[in-house]
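protein_37.json (JSON, C-alpha atoms) appears below.
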[["chain", "number", "residue", "atom", "x", "y", "z"],
["A", 24, "MET", "CA", -32.12, -17.63, -5.07],
["A", 25, "LYS", "CA", -31.42, -14.28, -3.43],
["A", 26, "ARG", "CA", -27.83, -15.14, -2.69],
["A", 27, "PHE", "CA", -27.11, -16.78, -6.03],
["A", 28, "LEU", "CA", -27.57, -13.86, -8.38],
["A", 29, "PRO", "CA", -24.74, -11.61, -7.28],
["A", 30, "ILE", "CA", -22.59, -14.68, -7.10],
["A", 31, "ALA", "CA", -23.50, -15.74, -10.60],
["A", 32, "PHE", "CA", -22.12, -12.74, -12.41],
["A", 33, "LEU", "CA", -19.33, -11.51, -10.20],
["A", 34, "PHE", "CA", -16.83, -13.61, -11.52],
["A", 35, "LEU", "CA", -14.75, -14.65, -14.16],
["A", 36, "THR", "CA", -11.85, -18.14, -15.36],
["A", 37, "GLN", "CA", -10.36, -21.35, -16.84],
["A", 38, "ILE", "CA", -12.00, -22.28, -20.16],
["A", 39, "VAL", "CA", -13.28, -25.82, -19.58],
["A", 40, "PHE", "CA", -16.22, -26.27, -21.90],
["A", 41, "SER", "CA", -18.89, -28.90, -21.43],
["A", 42, "GLN", "CA", -17.79, -32.31, -22.58],
["A", 43, "ASN", "CA", -20.84, -34.56, -22.74],
["A", 44, "PRO", "CA", -22.83, -36.44, -25.38],
["A", 45, "ASP", "CA", -24.48, -33.17, -26.46],
["A", 46, "SER", "CA", -21.15, -31.43, -27.08],
["A", 47, "LEU", "CA", -20.05, -30.95, -30.68],
["A", 48, "ASP", "CA", -16.84, -32.74, -31.65],
["A", 49, "ASN", "CA", -13.70, -30.70, -32.26],
["A", 50, "GLU", "CA", -13.66, -31.24, -36.02],
["A", 51, "ARG", "CA", -17.19, -29.87, -36.43],
["A", 52, "LEU", "CA", -16.41, -26.97, -34.14],
["A", 53, "SER", "CA", -13.25, -26.13, -36.06],
["A", 54, "GLN", "CA", -15.36, -25.71, -39.20],
["A", 55, "MET", "CA", -17.47, -23.10, -37.39],
["A", 56, "ILE", "CA", -14.50, -20.88, -36.51],
["A", 57, "GLN", "CA", -13.56, -17.95, -38.72],
["A", 58, "LEU", "CA", -9.77, -17.96, -39.10],
["A", 59, "SER", "CA", -7.62, -14.93, -39.84],
["A", 60, "GLU", "CA", -5.19, -15.10, -42.77],
["A", 61, "VAL", "CA", -2.18, -15.40, -40.48],
["A", 62, "VAL", "CA", -3.71, -18.39, -38.67],
["A", 63, "VAL", "CA", -4.42, -20.05, -42.02],
["A", 64, "ARG", "CA", -0.84, -19.39, -43.20],
["A", 65, "ASN", "CA", 0.55, -20.87, -39.99],
["A", 66, "LYS", "CA", -1.43, -24.07, -40.70],
["A", 67, "LEU", "CA", -2.65, -24.28, -37.11],
["A", 68, "ASP", "CA", -4.38, -27.53, -36.20],
["A", 69, "VAL", "CA", -7.66, -25.88, -35.18],
["A", 70, "ALA", "CA", -9.25, -29.07, -33.87],
["A", 71, "ALA", "CA", -6.24, -29.63, -31.59],
["A", 72, "PHE", "CA", -6.47, -26.00, -30.48],
["A", 73, "ILE", "CA", -10.13, -26.49, -29.51],
["A", 74, "GLU", "CA", -9.14, -29.55, -27.51],
["A", 75, "ARG", "CA", -6.57, -27.45, -25.63],
["A", 76, "VAL", "CA", -9.22, -24.80, -25.02],
["A", 77, "LYS", "CA", -11.65, -27.34, -23.62],
["A", 78, "ASN", "CA", -9.08, -28.74, -21.22],
["A", 79, "ASP", "CA", -7.36, -25.52, -20.17],
["A", 80, "THR", "CA", -6.55, -25.11, -16.47],
["A", 81, "THR", "CA", -4.14, -22.16, -16.69],
["A", 82, "PHE", "CA", -6.73, -19.49, -15.85],
["A", 83, "TYR", "CA", -7.87, -21.26, -12.68],
["A", 84, "LYS", "CA", -4.25, -22.12, -11.84],
["A", 85, "ALA", "CA", -3.30, -18.42, -11.99],
["A", 86, "PHE", "CA", -5.83, -17.53, -9.31],
["A", 87, "ARG", "CA", -4.84, -20.47, -7.12],
["A", 88, "ASN", "CA", -1.24, -19.27, -7.35],
["A", 89, "LEU", "CA", -2.33, -16.26, -5.28],
["A", 90, "ARG", "CA", -2.73, -18.61, -2.30],
["A", 91, "VAL", "CA", 0.99, -19.41, -2.12],
["A", 92, "ILE", "CA", 2.75, -16.08, -2.74],
["A", 93, "ASN", "CA", 3.11, -12.63, -1.18],
["A", 94, "PHE", "CA", 1.48, -9.69, -2.94],
["A", 95, "THR", "CA", 0.09, -6.19, -2.45],
["A", 96, "SER", "CA", -3.40, -5.23, -3.64],
["A", 97, "LEU", "CA", -4.98, -1.86, -4.34],
["A", 98, "ASN", "CA", -8.74, -2.25, -3.94],
["A", 99, "ASP", "CA", -11.29, 0.17, -5.37],
["A", 100, "ILE", "CA", -15.00, -0.69, -4.96],
["A", 101, "ARG", "CA", -17.74, 1.79, -5.87],
["A", 102, "MET", "CA", -21.48, 1.22, -5.50],
["A", 103, "GLN", "CA", -23.77, 3.42, -7.58],
["A", 104, "ASP", "CA", -27.39, 4.53, -7.60],
["A", 105, "LYS", "CA", -29.69, 4.28, -10.63],
["A", 106, "LYS", "CA", -28.40, 7.60, -11.98],
["A", 107, "GLY", "CA", -24.80, 6.45, -11.81],
["A", 108, "ASN", "CA", -23.94, 8.55, -8.78],
["A", 109, "VAL", "CA", -21.57, 6.97, -6.27],
["A", 110, "LYS", "CA", -23.32, 6.15, -2.97],
["A", 111, "ALA", "CA", -20.77, 3.96, -1.18],
["A", 112, "THR", "CA", -17.07, 3.24, -1.68],
["A", 113, "LEU", "CA", -14.10, 1.37, -0.32],
["A", 114, "GLN", "CA", -10.54, 2.17, -1.25],
["A", 115, "SER", "CA", -7.75, 0.28, 0.46],
["A", 116, "LYS", "CA", -4.26, -1.13, 0.24],
["A", 117, "THR", "CA", -3.69, -4.63, 1.56],
["A", 118, "LYS", "CA", -0.69, -6.94, 1.82],
["A", 119, "GLN", "CA", -0.81, -10.72, 1.83],
["A", 120, "ARG", "CA", 2.03, -12.62, 3.47],
["A", 121, "VAL", "CA", 2.65, -16.35, 3.26],
["A", 122, "SER", "CA", 4.71, -18.25, 5.80],
["A", 123, "LYS", "CA", 4.91, -21.99, 6.44],
["A", 124, "SER", "CA", 1.91, -22.79, 4.23],
["A", 125, "CYS", "CA", -0.25, -20.17, 5.98],
["A", 126, "ARG", "CA", -1.37, -16.80, 4.62],
["A", 127, "THR", "CA", -2.49, -13.65, 6.39],
["A", 128, "MET", "CA", -3.54, -10.19, 5.21],
["A", 129, "GLU", "CA", -2.65, -6.77, 6.57],
["A", 130, "THR", "CA", -4.77, -3.71, 5.78],
["A", 131, "VAL", "CA", -2.24, -0.92, 5.26],
["A", 132, "ASN", "CA", -4.89, 1.76, 4.83],
["A", 133, "GLU", "CA", -8.62, 1.95, 4.15],
["A", 134, "THR", "CA", -11.07, 4.73, 3.30],
["A", 135, "VAL", "CA", -14.82, 4.07, 3.32],
["A", 136, "THR", "CA", -17.78, 6.27, 2.40],
["A", 137, "GLY", "CA", -21.56, 5.88, 2.47],
["A", 138, "ASP", "CA", -23.26, 2.74, 3.72],
["A", 139, "PHE", "CA", -20.55, 0.35, 2.58],
["A", 140, "TYR", "CA", -20.58, -1.44, 5.94],
["A", 141, "LYS", "CA", -23.45, -2.39, 8.20],
["A", 142, "LYS", "CA", -23.39, -1.41, 11.86],
["A", 143, "ASP", "CA", -21.87, -4.77, 12.76],
["A", 144, "SER", "CA", -19.02, -4.11, 10.26],
["A", 145, "SER", "CA", -20.31, -6.72, 7.81],
["A", 146, "TYR", "CA", -20.69, -5.78, 4.15],
["A", 147, "ASN", "CA", -23.90, -4.02, 3.14],
["A", 148, "TYR", "CA", -23.56, -5.20, -0.48],
["A", 149, "TYR", "CA", -23.17, -8.68, -1.91],
["A", 150, "THR", "CA", -20.85, -7.24, -4.57],
["A", 151, "ALA", "CA", -18.44, -6.14, -1.85],
["A", 152, "GLU", "CA", -18.84, -9.37, 0.09],
["A", 153, "LEU", "CA", -17.92, -11.45, -2.91],
["A", 154, "TYR", "CA", -14.97, -9.23, -3.81],
["A", 155, "ALA", "CA", -13.72, -9.74, -0.27],
["A", 156, "GLY", "CA", -14.12, -13.48, -0.68],
["A", 157, "LEU", "CA", -11.74, -13.40, -3.64],
["A", 158, "PHE", "CA", -9.04, -11.01, -2.42],
["A", 159, "PHE", "CA", -9.32, -10.45, 1.35],
["A", 160, "THR", "CA", -8.26, -12.72, 4.18],
["A", 161, "ARG", "CA", -9.68, -11.81, 7.59],
["A", 162, "GLU", "CA", -7.98, -14.59, 9.54],
["A", 163, "GLN", "CA", -4.99, -16.85, 9.03],
["A", 164, "VAL", "CA", -5.62, -19.52, 6.39],
["A", 165, "CYS", "CA", -3.43, -22.63, 6.37],
["A", 166, "GLY", "CA", -2.96, -25.79, 4.36],
["A", 167, "GLU", "CA", -3.84, -24.40, 0.92],
["A", 168, "THR", "CA", -1.99, -25.23, -2.28],
["A", 169, "ASN", "CA", -2.03, -24.04, -5.89],
["A", 170, "THR", "CA", -2.65, -27.53, -7.24],
["A", 171, "VAL", "CA", -5.44, -27.86, -9.80],
["A", 172, "ALA", "CA", -4.82, -31.36, -11.17],
["A", 173, "GLY", "CA", -7.56, -33.75, -10.15],
["A", 174, "LEU", "CA", -9.75, -31.12, -8.52],
["A", 175, "GLN", "CA", -13.46, -31.77, -8.98],
["A", 176, "ARG", "CA", -16.29, -29.42, -8.08],
["A", 177, "ASN", "CA", -19.42, -31.01, -6.69],
["A", 178, "VAL", "CA", -22.30, -28.54, -6.51],
["A", 179, "LYS", "CA", -24.94, -31.12, -5.66],
["A", 180, "SER", "CA", -23.22, -32.17, -2.44],
["A", 181, "LYS", "CA", -23.20, -28.62, -1.05],
["A", 182, "LYS", "CA", -25.97, -26.50, 0.44],
["A", 183, "GLY", "CA", -26.70, -22.85, 1.14],
["A", 184, "ILE", "CA", -23.94, -20.30, 0.68],
["A", 185, "GLU", "CA", -21.30, -23.01, 0.10],
["A", 186, "LYS", "CA", -23.30, -24.27, -2.87],
["A", 187, "HIS", "CA", -23.55, -20.75, -4.26],
["A", 188, "LYS", "CA", -19.81, -20.24, -3.86],
["A", 189, "GLU", "CA", -19.22, -23.41, -5.85],
["A", 190, "GLN", "CA", -21.56, -22.14, -8.59],
["A", 191, "LEU", "CA", -19.63, -18.87, -8.62],
["A", 192, "LYS", "CA", -16.37, -20.72, -9.11],
["A", 193, "MET", "CA", -17.82, -22.67, -12.00],
["A", 194, "LEU", "CA", -19.13, -19.57, -13.75],
["A", 195, "PHE", "CA", -15.95, -17.63, -13.06],
["A", 196, "PHE", "CA", -13.34, -20.31, -13.79],
["A", 197, "ASP", "CA", -15.29, -22.53, -16.19],
["A", 198, "PRO", "CA", -17.25, -20.17, -18.47],
["A", 199, "GLY", "CA", -19.09, -22.28, -20.99],
["A", 200, "LYS", "CA", -19.69, -25.26, -18.72],
["A", 201, "LYS", "CA", -23.14, -26.34, -17.54],
["A", 202, "ILE", "CA", -23.81, -25.14, -14.01],
["A", 203, "PRO", "CA", -26.38, -27.17, -12.06],
["A", 204, "GLY", "CA", -28.92, -25.58, -9.75],
["A", 205, "ILE", "CA", -29.22, -22.14, -11.36],
["A", 206, "PRO", "CA", -32.92, -21.17, -11.56],
["A", 207, "LEU", "CA", -34.30, -20.57, -15.08],
["A", 208, "MET", "CA", -30.84, -20.44, -16.65],
["A", 209, "GLY", "CA", -30.58, -24.15, -17.35],
["A", 210, "ASP", "CA", -27.96, -25.14, -19.92],
["A", 211, "LYS", "CA", -27.60, -21.69, -21.51],
["A", 212, "THR", "CA", -24.01, -21.37, -20.24],
["A", 213, "ALA", "CA", -22.83, -24.45, -22.18],
["A", 214, "ILE", "CA", -21.34, -22.72, -25.24],
["A", 215, "PHE", "CA", -20.24, -25.78, -27.20],
["A", 216, "ASP", "CA", -23.39, -27.85, -26.77],
["A", 217, "LYS", "CA", -25.33, -28.53, -29.97],
["A", 218, "ASP", "CA", -28.25, -26.31, -29.00],
["A", 219, "ASN", "CA", -25.98, -23.38, -28.14],
["A", 220, "ALA", "CA", -22.98, -23.48, -30.49],
["A", 221, "GLU", "CA", -25.00, -22.28, -33.48],
["A", 222, "LYS", "CA", -26.03, -19.20, -31.48],
["A", 223, "TYR", "CA", -22.42, -17.97, -31.51],
["A", 224, "ASP", "CA", -19.87, -16.65, -33.97],
["A", 225, "PHE", "CA", -16.35, -18.00, -33.28],
["A", 226, "SER", "CA", -13.13, -16.46, -34.56],
["A", 227, "LEU", "CA", -9.41, -17.08, -34.11],
["A", 228, "ASP", "CA", -6.61, -14.61, -34.81],
["A", 229, "PHE", "CA", -2.87, -14.28, -34.17],
["A", 230, "VAL", "CA", -2.07, -10.96, -32.45],
["A", 231, "ASP", "CA", 0.37, -9.13, -30.20],
["A", 232, "HIS", "CA", -0.85, -8.59, -26.66],
["A", 233, "ASN", "CA", 1.38, -6.54, -24.35],
["A", 234, "GLY", "CA", 4.49, -7.74, -26.17],
["A", 235, "GLN", "CA", 3.42, -11.39, -26.30],
["A", 236, "SER", "CA", 2.49, -13.30, -29.43],
["A", 237, "CYS", "CA", -0.97, -14.68, -28.75],
["A", 238, "TYR", "CA", -3.87, -16.54, -30.25],
["A", 239, "LEU", "CA", -7.00, -14.47, -29.72],
["A", 240, "PHE", "CA", -10.08, -16.68, -29.47],
["A", 241, "THR", "CA", -13.35, -14.74, -29.64],
["A", 242, "ILE", "CA", -16.85, -16.01, -28.90],
["A", 243, "LYS", "CA", -19.69, -13.62, -29.72],
["A", 244, "ALA", "CA", -23.39, -14.33, -29.35],
["A", 245, "LYS", "CA", -25.58, -13.74, -32.38],
["A", 246, "SER", "CA", -28.33, -11.14, -32.04],
["A", 247, "GLY", "CA", -31.39, -12.33, -30.15],
["A", 248, "SER", "CA", -29.84, -15.66, -29.16],
["A", 249, "GLY", "CA", -30.96, -15.45, -25.51],
["A", 250, "VAL", "CA", -27.73, -16.89, -24.12],
["A", 251, "VAL", "CA", -25.83, -15.95, -20.95],
["A", 252, "ILE", "CA", -22.29, -15.38, -22.26],
["A", 253, "ASP", "CA", -22.67, -12.54, -24.77],
["A", 254, "ASN", "CA", -19.03, -12.07, -25.62],
["A", 255, "MET", "CA", -15.72, -13.54, -24.51],
["A", 256, "GLN", "CA", -12.21, -12.80, -25.72],
["A", 257, "THR", "CA", -9.32, -14.92, -24.52],
["A", 258, "TRP", "CA", -5.65, -14.36, -25.30],
["A", 259, "PHE", "CA", -3.48, -17.53, -25.25],
["A", 260, "ASN", "CA", 0.31, -17.25, -25.28],
["A", 261, "SER", "CA", 1.24, -18.86, -28.61],
["A", 262, "ARG", "CA", 4.13, -20.85, -27.11],
["A", 263, "SER", "CA", 2.93, -21.93, -23.67],
["A", 264, "MET", "CA", -0.83, -21.78, -24.46],
["A", 265, "GLU", "CA", -1.38, -20.20, -21.06],
["A", 266, "ILE", "CA", -4.19, -17.66, -20.81],
["A", 267, "VAL", "CA", -2.69, -14.20, -20.43],
["A", 268, "ALA", "CA", -5.91, -12.14, -20.53],
["A", 269, "ARG", "CA", -9.66, -12.49, -20.78],
["A", 270, "ASN", "CA", -12.57, -10.09, -21.26],
["A", 271, "TYR", "CA", -16.17, -11.16, -21.06],
["A", 272, "ASP", "CA", -19.74, -9.95, -20.95],
["A", 273, "LEU", "CA", -22.58, -11.82, -19.25],
["A", 274, "SER", "CA", -26.25, -10.91, -19.27],
["A", 275, "TYR", "CA", -29.59, -12.58, -18.72],
["A", 276, "ASP", "CA", -33.15, -11.61, -17.85],
["A", 277, "ALA", "CA", -35.28, -14.32, -16.29],
["A", 278, "GLY", "CA", -38.02, -12.02, -15.04],
["A", 279, "VAL", "CA", -37.48, -12.72, -11.35],
["A", 280, "TYR", "CA", -33.83, -11.76, -11.74],
["A", 281, "ASP", "CA", -31.58, -10.09, -14.29],
["A", 282, "PHE", "CA", -27.93, -9.18, -14.62],
["A", 283, "ASN", "CA", -25.55, -7.43, -17.01],
["A", 284, "VAL", "CA", -21.85, -7.66, -16.26],
["A", 285, "HIS", "CA", -18.53, -6.84, -17.95],
["A", 286, "MET", "CA", -15.23, -8.22, -16.63],
["A", 287, "GLU", "CA", -11.58, -7.97, -17.60],
["A", 288, "VAL", "CA", -8.67, -10.02, -16.25],
["A", 289, "GLN", "CA", -5.00, -9.40, -17.05],
["A", 290, "MET", "CA", -2.23, -11.83, -16.07],
["A", 291, "THR", "CA", 1.44, -11.34, -15.31],
["A", 292, "GLN", "CA", 4.40, -13.59, -14.59],
["A", 293, "ILE", "CA", 6.29, -14.02, -11.30],
["A", 294, "GLY", "CA", 9.09, -16.52, -11.77],
["A", 295, "ASN", "CA", 7.49, -19.63, -13.23],
["A", 296, "LEU", "CA", 4.03, -18.71, -11.95],
["A", 297, "THR", "CA", 1.28, -16.88, -13.83],
["A", 298, "VAL", "CA", -0.90, -14.69, -11.61],
["A", 299, "PRO", "CA", -3.67, -12.11, -12.16],
["A", 300, "SER", "CA", -2.40, -8.53, -12.00],
["A", 301, "THR", "CA", -5.58, -6.60, -12.79],
["A", 302, "LEU", "CA", -9.26, -7.43, -12.50],
["A", 303, "ARG", "CA", -11.98, -4.97, -13.51],
["A", 304, "TYR", "CA", -15.72, -5.38, -13.04],
["A", 305, "THR", "CA", -18.68, -3.26, -14.06],
["A", 306, "GLY", "CA", -22.13, -4.67, -13.50],
["A", 307, "THR", "CA", -25.71, -4.45, -12.37],
["A", 308, "TRP", "CA", -27.99, -7.15, -11.01],
["A", 309, "ASP", "CA", -31.49, -7.35, -9.63],
["A", 310, "VAL", "CA", -33.45, -10.11, -7.95],
["A", 311, "ALA", "CA", -36.94, -10.23, -6.50],
["A", 312, "LEU", "CA", -37.17, -8.86, -2.94],
["A", 313, "LYS", "CA", -33.69, -7.31, -3.20],
["A", 314, "LYS", "CA", -32.60, -3.81, -4.20],
["A", 315, "ARG", "CA", -30.73, -3.58, -7.48],
["A", 316, "GLU", "CA", -26.96, -3.40, -7.05],
["A", 317, "ARG", "CA", -24.77, -1.42, -9.43],
["A", 318, "GLY", "CA", -21.07, -1.73, -8.84],
["A", 319, "VAL", "CA", -17.69, -0.93, -10.32],
["A", 320, "PHE", "CA", -14.47, -2.29, -8.91],
["A", 321, "THR", "CA", -10.83, -2.71, -9.78],
["A", 322, "ALA", "CA", -8.26, -4.94, -8.12],
["A", 323, "THR", "CA", -4.63, -4.09, -8.90],
["A", 324, "LEU", "CA", -2.09, -6.64, -7.66],
["A", 325, "PHE", "CA", 1.68, -6.13, -7.55],
["A", 326, "ASP", "CA", 4.85, -6.66, -5.44],
["A", 327, "PHE", "CA", 4.59, -10.41, -5.99],
["A", 328, "SER", "CA", 7.21, -12.55, -4.29],
["A", 329, "LYS", "CA", 7.77, -16.18, -3.32],
["A", 330, "ASN", "CA", 9.30, -17.29, -0.04]]

Represent the supplied structure as structure tokens.
Amino acid sequence: MKRFLPIAFLFLTQIVFSQNPDSLDNERLSQMIQLSEVVVRNKLDVAAFIERVKNDTTFYKAFRNLRVINFTSLNDIRMQDKKGNVKATLQSKTKQRVSKSCRTMETVNETVTGDFYKKDSSYNYYTAELYAGLFFTREQVCGETNTVAGLQRNVKSKKGIEKHKEQLKMLFFDPGKKIPGIPLMGDKTAIFDKDNAEKYDFSLDFVDHNGQSCYLFTIKAKSGSGVVIDNMQTWFNSRSMEIVARNYDLSYDAGVYDFNVHMEVQMTQIGNLTVPSTLRYTGTWDVALKKRERGVFTATLFDFSKN
């Protein structure tokens, strides 16, 4: 359990909601969504929109695209004490290069303060360790692709840290889907299941987001609902239906552990590929026998190029 908690709330990203016998059908769900006047005037097929939402892979695809292109990253990680004072930091600039289906990372510069690293140069904080797992490459990695079609995650077949990584991916890329093996959290992440859907307010609007016409789909937990996903806003490009941005808040208190996390992801376009350009995280977590971690980090990605 100790390793799972920081994994559980670090990250956020394709909407693939639970599709099982307990899941509400699209027509019933469409009746639960508050529509803006412009959406009503456009005569959007809301049930079809929900189906697209359930089967979306564009968010996950955007992150997998990072495995096959060159980019530069500015990394800012700050760990705080209970008063909000900074006690450890890492600020760095890194460059990923891809050649012949292999990627490597160069650290251009790095500044560290406090007890960010242990004496053996490993990370002293799970928050930092998991950030590194998403954006840093210590050794050459080969044979990866950005393909998402047909990929299946199997949590039950994995053990230890590999199992926890798989749970992280599900929570991050599949918010709203049931995640097996999470102590005391059960099915509370399955937004569209019958027992959970009525605990949320759903709304759909048509808005401008950074110069793009988008459908804004908002999921907000009702007061006292005791769910895990408190709020999630997702912007879908109105033409391509790709996810161009997502903000979400996760929180839960199970007694032996608790967490409260806010995340923001912004996408950009490089050629025909969508990739994340900014990721922001603010969160705190605590688990029995571990010190509470409070962290803030920002990843800013740019200078994208394809070979």

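Using only C-alpha atoms, the nearest neighbour of Met102 in chain A within the list A:Asn78, A:Asn169, A:Asn88, A:Thr136 is A:Thr136.
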
Subject >> Residues near range 279-293 of chain A, cut-off 8 Å, only C-alpha atoms, skip fewer than 4 positions along chain, as JSON, numbers by chain >> reply: {"A": [28, 32, 33, 34, 35, 85, 266, 267, 268, 269, 270, 271, 272, 273, 274, 275, 297, 298, 299, 300, 301, 302, 303, 304, 305, 306, 307, 308, 309, 310, 311, 327, 328]}

Original post:
For Ser96 in chain A, which residue out of A:Tyr223, A:Phe159, A:Tyr140, A:Tyr149 is the nearest one, using only C-alpha atoms?
Top reply: A:Phe159

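For the atom pair formed by CA of Asp231 in chain A and CA of Arg64 in chain A, the distance is 16.6 Å, given to one decimal.
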
**OP:** Find the residue from A:Asp68, A:Asp253, A:Asp79, A:Glu129 that sits nearest to Phe94 in chain A; use all atoms listed in the file when measuring.
**Re:** A:Glu129

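Nearest to Met264 in chain A of all the residues A:Gln57, A:Thr150, A:Ser236, A:Asn65 is A:Ser236, counting all atoms listed in the file.
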